[in-house]
$ cat coords_17.csv   # CSV, C-alpha atoms
chain,number,residue,atom,x,y,z
H,1,MET,CA,6.8,31.8,19.0
H,2,VAL,CA,7.7,33.5,22.3
H,3,GLU,CA,8.6,31.6,25.4
H,4,ASP,CA,5.2,32.3,27.0
H,5,ASP,CA,3.5,30.3,24.3
H,6,THR,CA,5.0,27.0,25.3
H,7,ASP,CA,1.8,25.6,26.9
H,8,ALA,CA,-0.2,26.7,23.9
H,9,TRP,CA,2.3,25.0,21.6
H,10,LEU,CA,2.0,21.7,23.5
H,11,LYS,CA,-1.8,22.0,23.2
H,12,PHE,CA,-1.4,22.4,19.5
H,13,ARG,CA,0.8,19.3,19.4
H,14,VAL,CA,-1.9,17.3,21.3
H,15,LEU,CA,-4.6,18.4,18.8
H,16,CYS,CA,-2.4,17.3,15.9
H,17,ILE,CA,-1.9,13.7,17.0
H,18,LEU,CA,-5.4,12.9,18.1
H,19,PRO,CA,-7.3,10.8,15.5
H,20,ASP,CA,-9.8,12.6,13.3
H,21,LYS,CA,-12.8,11.2,15.1
H,22,SER,CA,-11.7,12.5,18.5
H,23,ARG,CA,-10.3,15.9,17.4
H,24,ALA,CA,-12.5,18.6,18.8
H,25,LYS,CA,-12.9,22.0,17.2
H,26,PRO,CA,-10.7,24.4,19.1
H,27,VAL,CA,-12.0,27.8,20.0
H,28,CYS,CA,-8.6,29.5,20.5
H,29,VAL,CA,-7.0,31.6,17.8
H,30,ALA,CA,-4.3,30.1,15.4
H,31,PHE,CA,-0.6,30.5,16.1
H,32,GLN,CA,1.4,32.5,13.7
H,33,SER,CA,4.7,30.6,14.1
H,34,SER,CA,6.2,27.6,15.7
H,35,PRO,CA,9.5,26.4,17.3
H,36,LEU,CA,10.6,25.3,13.7
H,37,GLY,CA,10.3,28.9,12.6
H,38,LEU,CA,7.5,27.9,10.1
H,39,ARG,CA,4.1,29.5,9.7
H,40,LEU,CA,1.4,27.2,11.1
H,41,PRO,CA,-2.0,26.6,9.5
H,42,PRO,CA,-5.0,27.6,11.5
H,43,ILE,CA,-5.7,25.1,14.2
H,44,GLY,CA,-8.6,22.8,13.2
H,45,ASP,CA,-7.6,23.3,9.5
H,46,MET,CA,-5.1,20.5,9.0
H,47,GLY,CA,-5.3,20.5,5.2
H,48,PHE,CA,-7.3,17.8,3.3
H,49,SER,CA,-9.3,15.4,5.5
H,50,LYS,CA,-9.7,11.7,4.8
H,51,ALA,CA,-13.2,12.3,3.5
H,52,GLN,CA,-12.1,15.0,1.2
H,53,LEU,CA,-9.2,12.9,-0.2
H,54,LEU,CA,-11.4,9.9,-0.8
H,55,GLN,CA,-14.0,12.1,-2.6
H,56,ARG,CA,-11.2,13.5,-4.7
H,57,LEU,CA,-10.0,10.0,-5.7
H,58,GLN,CA,-13.5,9.0,-6.6
H,59,SER,CA,-14.0,12.2,-8.7
H,60,GLN,CA,-10.8,11.2,-10.6
H,61,GLN,CA,-12.2,7.8,-11.2
H,62,ILE,CA,-9.4,6.2,-9.1
H,63,HIS,CA,-10.6,2.8,-7.9
H,64,PHE,CA,-9.7,1.7,-4.4
H,65,SER,CA,-10.8,-0.7,-1.7
H,66,GLN,CA,-11.3,0.8,1.8
H,67,TYR,CA,-10.7,-1.0,5.1
H,68,ASP,CA,-11.5,0.8,8.4
H,69,HIS,CA,-9.8,-0.4,11.5
H,70,PRO,CA,-8.6,0.9,14.9
H,71,VAL,CA,-5.8,3.6,14.9
H,72,VAL,CA,-2.4,2.0,14.1
H,73,MET,CA,1.0,3.6,14.4
H,74,THR,CA,3.2,1.0,12.8
H,75,VAL,CA,3.1,-1.3,9.7
H,76,GLU,CA,3.1,-4.3,12.1
H,77,ALA,CA,-0.1,-3.1,13.8
H,78,GLN,CA,-1.7,-2.4,10.4
H,79,ALA,CA,-0.8,-5.9,9.2
H,80,LYS,CA,-3.0,-7.3,11.9
H,81,TYR,CA,-6.1,-5.9,10.2
H,82,VAL,CA,-5.2,-6.0,6.4
H,83,GLY,CA,-2.1,-8.2,6.2
H,84,HIS,CA,-4.2,-11.2,5.0
H,85,ILE,CA,-5.3,-9.2,2.0
H,86,LYS,CA,-3.3,-9.6,-1.2
H,87,ALA,CA,-1.6,-6.2,-1.5
H,88,GLY,CA,1.8,-4.7,-0.6
H,89,LEU,CA,2.0,-3.0,2.8
H,90,SER,CA,3.9,0.3,2.8
H,91,LYS,CA,6.0,2.1,5.3
H,92,ASN,CA,6.5,5.8,4.9
H,93,LEU,CA,9.5,7.8,6.3
H,94,PHE,CA,9.4,11.6,6.7
H,95,LEU,CA,12.9,12.8,6.5
H,96,LYS,CA,14.9,16.1,6.5
H,97,ASP,CA,18.4,17.1,5.5
H,98,LYS,CA,20.7,19.6,7.2
H,99,LYS,CA,19.3,22.5,5.2
H,100,HIS,CA,15.8,21.7,6.4
H,101,ARG,CA,14.5,20.3,3.1
H,102,PHE,CA,12.0,17.5,3.5
H,103,TYR,CA,11.5,14.1,1.8
H,104,ILE,CA,8.9,11.3,1.9
H,105,VAL,CA,10.3,7.9,1.3
H,106,SER,CA,7.5,5.5,0.6
H,107,ALA,CA,8.6,1.8,0.5
H,108,LEU,CA,7.3,-1.7,0.8
H,109,ALA,CA,7.3,-2.9,4.4
H,110,ASP,CA,10.2,-5.3,3.9
H,111,THR,CA,12.4,-3.0,1.8
H,112,LYS,CA,15.6,-2.1,3.7
H,113,VAL,CA,16.2,1.7,3.6
H,114,ASP,CA,19.7,2.7,4.6
H,115,LEU,CA,19.6,6.5,5.3
H,116,LYS,CA,23.4,6.8,5.0
H,117,VAL,CA,23.4,5.2,1.5
H,118,LEU,CA,20.4,7.2,0.5
H,119,SER,CA,22.0,10.4,1.7
H,120,GLN,CA,25.0,9.8,-0.5
H,121,ARG,CA,22.9,8.9,-3.5
H,122,LEU,CA,21.1,12.3,-3.1
H,123,GLY,CA,24.5,14.1,-2.9
H,124,LEU,CA,23.9,15.0,0.8
H,125,GLY,CA,26.9,13.2,2.3
H,126,LYS,CA,26.6,10.2,4.6
H,127,GLY,CA,24.9,12.0,7.4
H,128,GLY,CA,22.7,14.2,5.3
H,129,LEU,CA,19.3,12.6,6.1
H,130,ARG,CA,17.6,12.1,9.4
H,131,MET,CA,14.0,11.6,10.6
H,132,ALA,CA,12.0,14.9,10.5
H,133,PRO,CA,10.9,16.2,13.9
H,134,GLU,CA,7.4,15.2,15.0
H,135,GLU,CA,6.1,18.8,14.8
H,136,ALA,CA,7.1,19.0,11.1
H,137,VAL,CA,4.5,16.4,10.3
H,138,GLY,CA,1.7,18.7,11.3
H,139,GLU,CA,3.3,21.9,9.9
H,140,ILE,CA,4.6,20.6,6.6
H,141,LEU,CA,2.4,17.7,5.7
H,142,GLU,CA,-0.7,18.9,7.7
H,143,VAL,CA,-1.5,15.3,8.8
H,144,PRO,CA,-1.5,13.7,12.3
H,145,LEU,CA,1.4,11.5,13.4
H,146,GLY,CA,1.3,8.1,11.8
H,147,CYS,CA,-0.4,9.3,8.7
H,148,VAL,CA,2.5,10.1,6.4
H,149,THR,CA,1.9,8.8,2.9
H,150,PRO,CA,2.3,10.1,-0.7
H,151,PHE,CA,-1.3,11.3,-0.3
H,152,ALA,CA,-0.1,14.1,2.0
H,153,LEU,CA,1.3,15.8,-1.0
H,154,VAL,CA,-2.2,16.9,-1.8
H,155,ASN,CA,-1.7,19.7,0.7
H,156,GLU,CA,-0.2,23.0,-0.6
H,157,SER,CA,2.1,23.2,2.4
H,158,ALA,CA,3.9,20.1,1.1
H,159,ARG,CA,4.6,21.5,-2.3
H,160,ASN,CA,8.4,21.5,-1.7
H,161,VAL,CA,8.6,18.0,-0.2
H,162,SER,CA,10.4,15.5,-2.4
H,163,LEU,CA,8.9,12.0,-2.9
H,164,LEU,CA,10.9,8.8,-3.5
H,165,LEU,CA,8.8,5.7,-4.3
H,166,ASP,CA,10.1,2.2,-4.0
H,167,GLN,CA,10.3,0.5,-7.4
H,168,GLY,CA,9.2,-2.7,-5.6
H,169,PHE,CA,5.7,-1.3,-5.6
H,170,LYS,CA,5.5,-2.2,-9.3
H,171,ASN,CA,5.8,-5.9,-8.4
H,172,HIS,CA,2.5,-5.8,-6.6
H,173,GLU,CA,-0.9,-5.5,-8.3
H,174,CYS,CA,-2.2,-3.3,-5.4
H,175,CYS,CA,-0.6,-1.6,-2.4
H,176,PHE,CA,-1.9,-0.2,0.9
H,177,PHE,CA,-1.6,3.4,2.1
H,178,HIS,CA,-3.4,5.4,4.8
H,179,PRO,CA,-5.6,8.1,3.3
H,180,LEU,CA,-4.4,10.9,5.6
H,181,SER,CA,-5.8,9.0,8.6
H,182,ASN,CA,-4.4,5.9,10.3
H,183,ASP,CA,-7.7,4.5,11.2
H,184,THR,CA,-8.2,3.5,7.6
H,185,SER,CA,-6.2,1.7,4.9
H,186,ILE,CA,-7.0,1.8,1.2
H,187,SER,CA,-5.5,-0.5,-1.5
H,188,LEU,CA,-5.1,0.7,-5.1
H,189,HIS,CA,-3.2,-0.1,-8.2
H,190,ILE,CA,0.1,1.6,-8.3
H,191,GLN,CA,-0.9,3.2,-11.7
H,192,ASP,CA,-3.7,4.9,-9.9
H,193,LEU,CA,-1.3,6.3,-7.3
H,194,ASP,CA,0.7,7.7,-10.3
H,195,LYS,CA,-2.5,9.2,-11.6
H,196,PHE,CA,-3.1,10.9,-8.3
H,197,LEU,CA,0.4,12.3,-8.0
H,198,GLU,CA,0.2,13.6,-11.6
H,199,SER,CA,-3.0,15.4,-10.7
H,200,VAL,CA,-1.2,17.3,-7.9
H,201,GLU,CA,1.7,18.0,-10.4
H,202,ARG,CA,4.2,15.8,-8.6
H,203,MET,CA,7.0,14.0,-10.4
H,204,VAL,CA,6.6,10.2,-10.1
H,205,ALA,CA,10.0,8.8,-9.4
H,206,TYR,CA,10.5,5.0,-8.6
H,207,VAL,CA,13.8,4.2,-7.1
H,208,ASP,CA,15.7,1.0,-6.2
H,209,LEU,CA,16.0,1.9,-2.5
H,210,GLU,CA,18.2,-1.0,-1.7
H,211,ALA,CA,20.8,-0.2,-4.3
H,212,ASN,CA,24.2,1.1,-3.2
H,213,PRO,CA,25.9,2.5,-6.3
H,214,PRO,CA,29.4,4.1,-5.9
H,215,VAL,CA,29.4,7.8,-5.4
H,216,GLY,CA,32.6,9.8,-6.1
H,217,LYS,CA,34.3,12.2,-8.4
H,218,ASP,CA,33.6,10.2,-11.5
H,219,GLN,CA,30.3,8.7,-10.2
H,220,PRO,CA,28.0,11.6,-9.4
H,221,PRO,CA,25.0,10.9,-7.1
H,222,ASP,CA,22.4,9.1,-9.1
H,223,LEU,CA,19.4,10.6,-7.2
H,224,ALA,CA,20.6,14.2,-7.2
H,225,ALA,CA,17.6,15.2,-9.4
H,226,LEU,CA,15.2,14.3,-6.6
H,227,VAL,CA,16.6,16.8,-4.1
H,228,PRO,CA,14.1,19.7,-3.7
H,229,SER,CA,14.7,22.6,-6.2
H,230,ASP,CA,16.0,25.0,-3.5
H,231,THR,CA,18.9,22.7,-2.8
H,232,LEU,CA,22.6,23.5,-3.2
H,233,SER,CA,23.4,22.7,-6.8
H,234,ILE,CA,25.3,19.5,-7.5
H,235,ASP,CA,28.1,21.5,-9.1
H,236,ASN,CA,28.7,23.2,-5.7
H,237,VAL,CA,28.8,19.8,-4.0
H,238,LEU,CA,31.4,18.6,-6.4
H,239,VAL,CA,33.5,21.7,-6.0
H,240,LYS,CA,33.6,21.1,-2.3
H,241,THR,CA,34.6,17.4,-2.7
H,242,ALA,CA,37.3,18.3,-5.2
H,243,THR,CA,39.0,21.4,-3.7
H,244,LEU,CA,42.6,20.3,-4.0
H,245,LYS,CA,45.8,22.4,-4.0
H,246,ILE,CA,48.2,21.9,-6.9
H,247,ASP,CA,50.7,20.2,-4.6
H,248,GLY,CA,48.1,17.6,-3.6
H,249,ASP,CA,46.9,18.8,-0.2
H,250,VAL,CA,43.2,18.3,0.6
H,251,ASN,CA,41.6,21.7,1.5
H,252,SER,CA,38.2,20.5,2.6
H,253,LYS,CA,36.6,17.4,4.0
H,254,PRO,CA,34.7,15.4,1.3
H,255,VAL,CA,30.9,16.0,1.4
H,256,ALA,CA,29.5,13.5,-1.0
H,257,VAL,CA,32.1,10.8,-1.7
H,258,THR,CA,32.6,7.3,-0.4
H,259,ALA,CA,35.4,6.5,2.0
H,260,LYS,CA,37.4,4.9,-0.8
H,261,ALA,CA,37.0,7.9,-3.0
H,262,SER,CA,37.9,10.4,-0.3
H,263,LYS,CA,41.5,9.1,0.1
H,264,VAL,CA,42.8,11.6,-2.4
H,265,THR,CA,46.0,12.9,-0.9
H,266,SER,CA,49.4,13.0,-2.5
H,267,GLY,CA,52.0,10.9,-4.3
H,268,PRO,CA,50.9,7.7,-6.1
H,269,GLN,CA,47.3,8.0,-4.8
H,270,LYS,CA,46.9,11.4,-6.4
H,271,GLU,CA,48.2,10.0,-9.7
H,272,LYS,CA,45.7,7.2,-9.5
H,273,SER,CA,42.8,9.6,-8.9
H,274,VAL,CA,43.8,11.8,-11.8
H,275,ASN,CA,44.0,8.9,-14.2
H,276,THR,CA,40.4,7.9,-13.5
H,277,THR,CA,39.3,11.0,-15.4
H,278,ASN,CA,40.6,9.3,-18.5
H,279,SER,CA,38.5,6.2,-18.0
H,280,SER,CA,36.1,5.2,-20.7
H,281,SER,CA,33.0,6.6,-19.0
H,282,SER,CA,30.0,6.9,-21.2
H,283,PHE,CA,29.3,10.3,-19.6
H,284,ALA,CA,32.6,11.7,-20.9
H,285,ASP,CA,31.7,11.0,-24.6
H,286,PRO,CA,28.8,12.8,-26.2
H,287,GLU,CA,28.1,10.0,-28.6
H,288,LYS,CA,27.9,7.4,-25.9
H,289,PHE,CA,25.7,9.8,-23.9
H,290,ILE,CA,23.2,10.1,-26.8
H,291,GLU,CA,23.5,6.3,-27.4
H,292,GLU,CA,22.5,5.8,-23.7
H,293,ILE,CA,19.4,8.0,-24.1
H,294,LEU,CA,18.4,6.3,-27.4
H,295,LYS,CA,18.8,2.9,-25.8
H,296,LYS,CA,16.5,3.7,-22.9
H,297,ALA,CA,13.9,5.3,-25.1
H,298,SER,CA,14.0,2.3,-27.5
H,299,ALA,CA,13.4,-0.1,-24.6
H,300,ILE,CA,10.3,1.8,-23.6
H,301,VAL,CA,9.0,1.8,-27.2
H,302,VAL,CA,9.6,-1.9,-27.6
H,303,ALA,CA,7.8,-2.6,-24.3
H,304,GLU,CA,4.8,-0.6,-25.3
H,305,ILE,CA,4.3,-1.9,-28.9
H,306,LYS,CA,2.7,-5.2,-28.0
H,307,GLU,CA,-0.1,-6.9,-29.8
H,308,GLU,CA,-2.5,-6.3,-26.9
H,309,ASN,CA,-1.7,-2.6,-26.9
H,310,ILE,CA,-2.1,-2.3,-30.6
H,311,LYS,CA,-5.6,-3.9,-30.4
H,312,GLN,CA,-6.5,-1.8,-27.4
H,313,HIS,CA,-5.3,1.6,-28.6
H,314,GLY,CA,-5.3,1.4,-32.4
H,315,ASP,CA,-4.6,4.7,-34.0
H,316,GLN,CA,-3.9,6.2,-30.5
H,317,LEU,CA,-1.0,3.9,-29.9
H,318,GLY,CA,1.5,6.6,-31.0
H,319,SER,CA,0.1,9.0,-28.3
H,320,VAL,CA,0.2,6.3,-25.7
H,321,VAL,CA,3.8,5.4,-26.5
H,322,SER,CA,4.7,9.1,-26.4
H,323,ASN,CA,3.1,9.6,-23.0
H,324,SER,CA,4.9,6.5,-21.7
H,325,ILE,CA,8.3,7.8,-22.8
H,326,ARG,CA,7.6,11.2,-21.3
H,327,LYS,CA,6.5,9.6,-18.0
H,328,ASN,CA,9.1,6.9,-17.6
H,329,LEU,CA,12.1,8.7,-19.2
H,330,SER,CA,11.8,12.1,-17.5
H,331,LEU,CA,13.8,11.2,-14.4
H,332,GLU,CA,16.2,9.0,-16.3
H,333,LEU,CA,17.1,12.0,-18.6
H,334,LYS,CA,17.5,14.3,-15.7
H,335,ASN,CA,19.9,11.9,-14.0
H,336,LEU,CA,21.8,11.3,-17.2
H,337,ALA,CA,22.1,15.0,-17.9
H,338,THR,CA,23.3,15.6,-14.4
H,339,LYS,CA,26.0,12.9,-14.7
H,340,PHE,CA,27.1,14.2,-18.1
H,341,LYS,CA,27.4,17.7,-16.8
H,342,ASN,CA,29.3,16.7,-13.7
H,343,THR,CA,31.6,14.4,-15.7
H,344,ALA,CA,32.4,17.3,-17.9
H,345,TYR,CA,33.2,19.3,-14.8
H,346,THR,CA,35.5,16.6,-13.4
H,347,GLU,CA,37.2,16.2,-16.8
H,348,GLY,CA,38.0,19.9,-16.8
H,349,PHE,CA,39.2,19.7,-13.2
H,350,GLY,CA,41.4,16.7,-14.0
H,351,ALA,CA,43.0,18.6,-16.9
H,352,GLY,CA,43.8,21.5,-14.7
H,353,ILE,CA,45.5,19.2,-12.2
H,354,ARG,CA,47.5,17.5,-14.9
H,355,CYS,CA,48.8,20.8,-16.4
H,356,PRO,CA,51.5,22.3,-14.0
H,357,ALA,CA,50.9,25.9,-13.2
H,358,LYS,CA,53.5,28.2,-14.7
H,359,ARG,CA,55.6,30.0,-12.2
H,360,LEU,CA,55.9,33.7,-12.6
$ encode --input "coords_17.csv" --output "structure tokens"
Amino acid sequence: MVEDDTDAWLKFRVLCILPDKSRAKPVCVAFQSSPLGLRLPPIGDMGFSKAQLLQRLQSQQIHFSQYDHPVVMTVEAQAKYVGHIKAGLSKNLFLKDKKHRFYIVSALADTKVDLKVLSQRLGLGKGGLRMAPEEAVGEILEVPLGCVTPFALVNESARNVSLLLDQGFKNHECCFFHPLSNDTSISLHIQDLDKFLESVERMVAYVDLEANPPVGKDQPPDLAALVPSDTLSIDNVLVKTATLKIDGDVNSKPVAVTAKASKVTSGPQKEKSVNTTNSSSSFADPEKFIEEILKKASAIVVAEIKEENIKQHGDQLGSVVSNSIRKNLSLELKNLATKFKNTAYTEGFGAGIRCPAKRL
């Protein structure tokens, strides 16, 4: 957008944040670009509307309870109208990383989300995540401010946005979300949210957002598989964190390691770091790697083969169990494969460090 379009851009911003009921149909032409360098949708065409989304949910036989209320911008304000109802309230963060990749983190209202820890777990470094700019809400998600929820992924413009769901949702029978408009809240079973996400071809990934696992050379980021597909590969991240000279000098500043792991310099500390590659990590042993996969798959099978499921599904139980394994194990396998691959890399790197280079 050229400098002369500043006023027009501000008008566009105003139109974006007005509630649906008060948004007038503009008569001006659509902008072709924005200060973010992204192509804007035509003004007045902000993707799916609340009515269209609710109609879609009904057509998919997704059951929900609808509660209309005044426009709210925070979970605390929403709680004044629906907080007395037995369902989990959700907060939704729209985030971006340094490479302008976007994420929605959808969590229970009382879940503590540490962006520094989450950045490390994604392999982005401590400062890798920050709140996305306000204009990105309209451009990427095509919803007004205050309306960010997993339902925004119904819009094609959000196809590259990664979604992280709080595993705490599974502890509630129903949860509240805004249906693309913050003058309404709907409660639905979390399984029905899964059904919706699968209908828009999105991977359903539940994460313990309060966990803080170690991340370092021998502990690859556990959530790396959830970074959008156009991200820098985790191999490249590890190369940057492990660029050491043979004499022990550190060439580059660590990108995705903890402070403790980043203290790889020279002398005894270097020897300690190298020795960790010989630890009995399950990801350095193919047999233990396979055993880990079988253990997780077996746990799902045992959980599904219950008397009530046998009575309910009968001859179809095998198909139900198969679908459950595919649904619940997909992310686990991706993370395990990533860890195995990166452990193999670090093993090879450690071997190279231990073998002194021959002088010509």
$ atom_distance --input "coords_17.csv" --atom1 "atom CA of H:Thr74" --atom2 "atom CA of H:Gln55"
25.6 Å
$ residues_around --input "coords_17.csv" --residues "stretch 91-102 of chain H" --least-positions-apart "4" --cutoff "8 Å" --atoms "only C-alpha atoms" --output "MDAnalysis selection string"
chainID H and resid 75 106:109 124 128:132 137 148:149 160:162 228 231
$ closest_residue --input "coords_17.csv" --among "H:Ile293, H:Ala224, H:Leu53, H:Ala211" --to "H:Thr111" --atoms "all atoms listed in the file"
H:Ala211
$ atom_distance --input "coords_17.csv" --atom1 "atom CA of H:Asp222" --atom2 "atom CA of H:Val117"
11.3 Å
$ atom_distance --input "coords_17.csv" --atom1 "atom CA of H:Leu115" --atom2 "atom CA of H:Gly216"
17.6 Å
$ closest_residue --input "coords_17.csv" --among "H:Gln167, H:Asn309, H:Asn155, H:Ser185" --to "H:Ile85" --atoms "all atoms listed in the file"
H:Ser185
$ closest_residue --input "coords_17.csv" --among "H:Ser229, H:Gln219, H:Gln316, H:Ser322" --to "H:Gln120" --atoms "only C-alpha atoms"
H:Gln219
